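**Student:** mmCIF, C-alpha atoms, saved as structure08.cif, coming up:
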data_work
loop_
_atom_site.label_atom_id
_atom_site.label_comp_id
_atom_site.auth_asym_id
_atom_site.auth_seq_id
_atom_site.Cartn_x
_atom_site.Cartn_y
_atom_site.Cartn_z
CA MET J 1 51.66 -15.03 36.72
CA SER J 2 49.62 -17.23 39.09
CA GLN J 3 47.61 -18.50 36.10
CA ALA J 4 50.85 -19.57 34.43
CA MET J 5 52.06 -21.29 37.60
CA SER J 6 48.76 -23.13 38.07
CA LEU J 7 49.13 -24.42 34.53
CA ILE J 8 52.19 -26.54 35.39
CA PRO J 9 50.55 -29.14 37.68
CA ARG J 10 47.70 -29.53 35.20
CA MET J 11 50.11 -30.02 32.27
CA LEU J 12 52.08 -32.64 34.20
CA LYS J 13 48.95 -34.77 34.62
CA LEU J 14 48.25 -34.85 30.88
CA PRO J 15 49.83 -36.63 27.91
CA PRO J 16 52.26 -34.25 26.14
CA LEU J 17 50.02 -33.31 23.20
CA LYS J 18 47.09 -32.58 25.51
CA ALA J 19 49.45 -30.52 27.68
CA LEU J 20 50.44 -28.59 24.55
CA SER J 21 46.79 -27.97 23.77
CA LEU J 22 46.20 -26.72 27.33
CA PHE J 23 49.28 -24.50 27.04
CA ASN J 24 48.05 -23.07 23.74
CA SER J 25 44.66 -22.24 25.25
CA SER J 26 46.30 -20.15 27.97
CA THR J 27 47.34 -16.55 27.39
CA HIS J 28 49.84 -16.19 30.25
CA HIS J 29 53.05 -18.18 30.35
CA SER J 30 56.00 -18.23 32.71
CA PRO J 31 59.51 -19.46 31.99
CA GLN J 32 58.69 -22.44 34.21
CA SER J 33 55.52 -23.37 32.30
CA VAL J 34 57.31 -23.14 28.94
CA SER J 35 60.31 -25.16 30.14
CA THR J 36 57.96 -27.76 31.65
CA LEU J 37 56.19 -28.12 28.32
CA LEU J 38 59.51 -28.35 26.47
CA HIS J 39 60.59 -31.07 28.88
CA LEU J 40 57.35 -33.00 28.25
CA LEU J 41 57.68 -32.68 24.48
CA LEU J 42 61.37 -33.57 24.33
CA SER J 43 61.13 -36.48 26.74
CA SER J 44 58.32 -37.89 24.56
CA ASN J 45 60.42 -37.40 21.42
CA LEU J 46 57.93 -34.87 20.00
CA LEU J 47 60.74 -32.85 18.46
CA SER J 48 58.71 -31.04 15.80
CA HIS J 49 56.30 -29.76 18.47
CA ALA J 50 59.20 -28.63 20.65
CA GLN J 51 60.76 -26.88 17.66
CA SER J 52 57.47 -25.17 16.88
CA LEU J 53 57.23 -23.90 20.45
CA LEU J 54 60.80 -22.60 20.26
CA LEU J 55 59.99 -20.85 16.96
CA ARG J 56 57.08 -19.11 18.69
CA LEU J 57 59.45 -18.00 21.46
CA LEU J 58 62.07 -16.78 19.00
CA SER J 59 59.49 -14.80 17.05
CA GLY J 60 58.09 -13.20 20.21
CA ARG J 61 54.61 -14.67 19.69
CA VAL J 62 54.88 -16.36 23.10
CA GLU J 63 56.19 -14.67 26.20
CA PRO J 64 58.59 -15.01 28.05
CA SER J 65 61.96 -14.63 26.36
CA ILE J 66 63.81 -17.69 25.17
CA SER J 67 66.76 -16.92 27.44
CA SER J 68 64.58 -16.95 30.55
CA VAL J 69 63.10 -20.29 29.47
CA LEU J 70 66.52 -21.81 28.87
CA ASP J 71 67.58 -20.71 32.35
CA HIS J 72 64.86 -22.99 33.74
CA LEU J 73 65.85 -26.06 31.76
CA SER J 74 68.22 -28.28 33.66
CA PRO J 75 71.41 -29.16 31.78
CA SER J 76 71.28 -32.57 33.45
CA TYR J 77 68.33 -33.68 31.32
CA SER J 78 69.28 -36.70 29.27
CA TYR J 79 67.96 -35.02 26.12
CA SER J 80 70.25 -31.98 26.34
CA THR J 81 71.87 -32.80 22.97
CA VAL J 82 68.44 -33.10 21.40
CA LEU J 83 67.43 -29.81 23.03
CA TYR J 84 70.40 -28.02 21.47
CA GLU J 85 69.63 -29.57 18.09
CA VAL J 86 66.00 -28.42 18.30
CA ILE J 87 67.08 -24.92 19.34
CA ILE J 88 69.52 -24.66 16.44
CA ASN J 89 66.95 -25.95 13.94
CA ALA J 90 64.33 -23.51 15.25
CA HIS J 91 66.82 -20.65 15.01
CA VAL J 92 67.77 -21.56 11.44
CA LYS J 93 64.09 -21.77 10.45
CA SER J 94 63.40 -18.41 12.07
CA GLN J 95 66.26 -16.87 10.09
CA PHE J 96 64.89 -18.27 6.82
CA TRP J 97 61.44 -16.98 7.74
CA ASN J 98 62.85 -13.52 8.55
CA TYR J 99 64.88 -13.53 5.33
CA GLY J 100 61.79 -14.44 3.30
CA GLN J 101 59.78 -11.67 4.94
CA GLY J 102 62.52 -9.19 4.00
CA LEU J 103 62.32 -10.25 0.35
CA LEU J 104 58.59 -9.55 0.30
CA ARG J 105 59.09 -5.91 1.32
#
Represent the structure from my file as structure tokens, please.
**Tutor:**
Amino acid sequence: MSQAMSLIPRMLKLPPLKALSLFNSSTHHSPQSVSTLLHLLLSSNLLSHAQSLLLRLLSGRVEPSISSVLDHLSPSYSYSTVLYEVIINAHVKSQFWNYGQGLLR
């Protein structure tokens, strides 16, 4: 967990896409590190990258759970509407992906 917590100050010093790269190179993530990265991506209008991260959370390829991450996102962020839109789009895409996987079986 300490590795995940030490990731946050380093991510905050980087441009969002470099922070995403740093995040992807790490194997341990906390709800705080994921929500920090989501904040960076959304505040920079990098919606497709935020959606991709949420898809990874929904699929379980990235820990922690999506609910624990959402608990750490402040509802006062000015992009809260965009956040909900990205969450819904990621969920819909994950459902299509799951449906397609079921057809292949």
**Student:** To test your reading of the syntax: which residues would the PyMOL selection byres ((chain J and resi 56) around 12) return for the file shown? Reply as a ChimeraX atom specification.
**Tutor:** /J:24,34,49-55,57-66,87,90-91,93-94,97
**Student:** Could you expand the PyMOL selection byres ((chain J and resi 17) around 9) into the explicit residues it covers here, written as a PDB file with C-alpha atoms, in the frame of the given file?
**Tutor:**
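Output contents, as saved in expr_22.pdb:
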ATOM      1  CA  LEU J  14      48.250 -34.850  30.880  1.00  0.00           C
ATOM      2  CA  PRO J  15      49.830 -36.630  27.910  1.00  0.00           C
ATOM      3  CA  PRO J  16      52.260 -34.250  26.140  1.00  0.00           C
ATOM      4  CA  LYS J  18      47.090 -32.580  25.510  1.00  0.00           C
ATOM      5  CA  ALA J  19      49.450 -30.520  27.680  1.00  0.00           C
ATOM      6  CA  LEU J  20      50.440 -28.590  24.550  1.00  0.00           C
ATOM      7  CA  SER J  21      46.790 -27.970  23.770  1.00  0.00           C
ATOM      8  CA  LEU J  22      46.200 -26.720  27.330  1.00  0.00           C
ATOM      9  CA  LEU J  40      57.350 -33.000  28.250  1.00  0.00           C
ATOM     10  CA  LEU J  41      57.680 -32.680  24.480  1.00  0.00           C
ATOM     11  CA  LEU J  46      57.930 -34.870  20.000  1.00  0.00           C
ATOM     12  CA  HIS J  49      56.300 -29.760  18.470  1.00  0.00           C
TER      13      HIS J  49
END
**Student:** Looking at all atoms listed in the file, which of J:Leu7, J:Leu70, J:Asn89, J:Tyr84 is the one that sits closest to Thr27 in chain J?
**Tutor:** J:Leu7
**Student:** Excluding Thr36 in chain J and residues on its chain fewer than 3 positions from it, collect all residues at most 10 Å away from it, counting all atoms listed in the file, and give them as a PyMOL selection string.
**Tutor:** chain J and resi 7-9+11-12+19+30-33+39-42+69+72-73
**Student:** Taking all atoms listed in the file into account, name the residue in J:Leu83, J:Ile88, J:Phe96, J:Ser6 that is nearest to Leu38 in chain J.
**Tutor:**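 The answer is J:Leu83, which sits nearest to Leu38 in chain J.
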**Student:** For CA of Lys13 in chain J and CA of Thr81 in chain J, quote the distance in Å rounded to one decimal.
**Tutor:**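 Value for the CA of Lys13 in chain J-CA of Thr81 in chain J distance: 25.8 Å.
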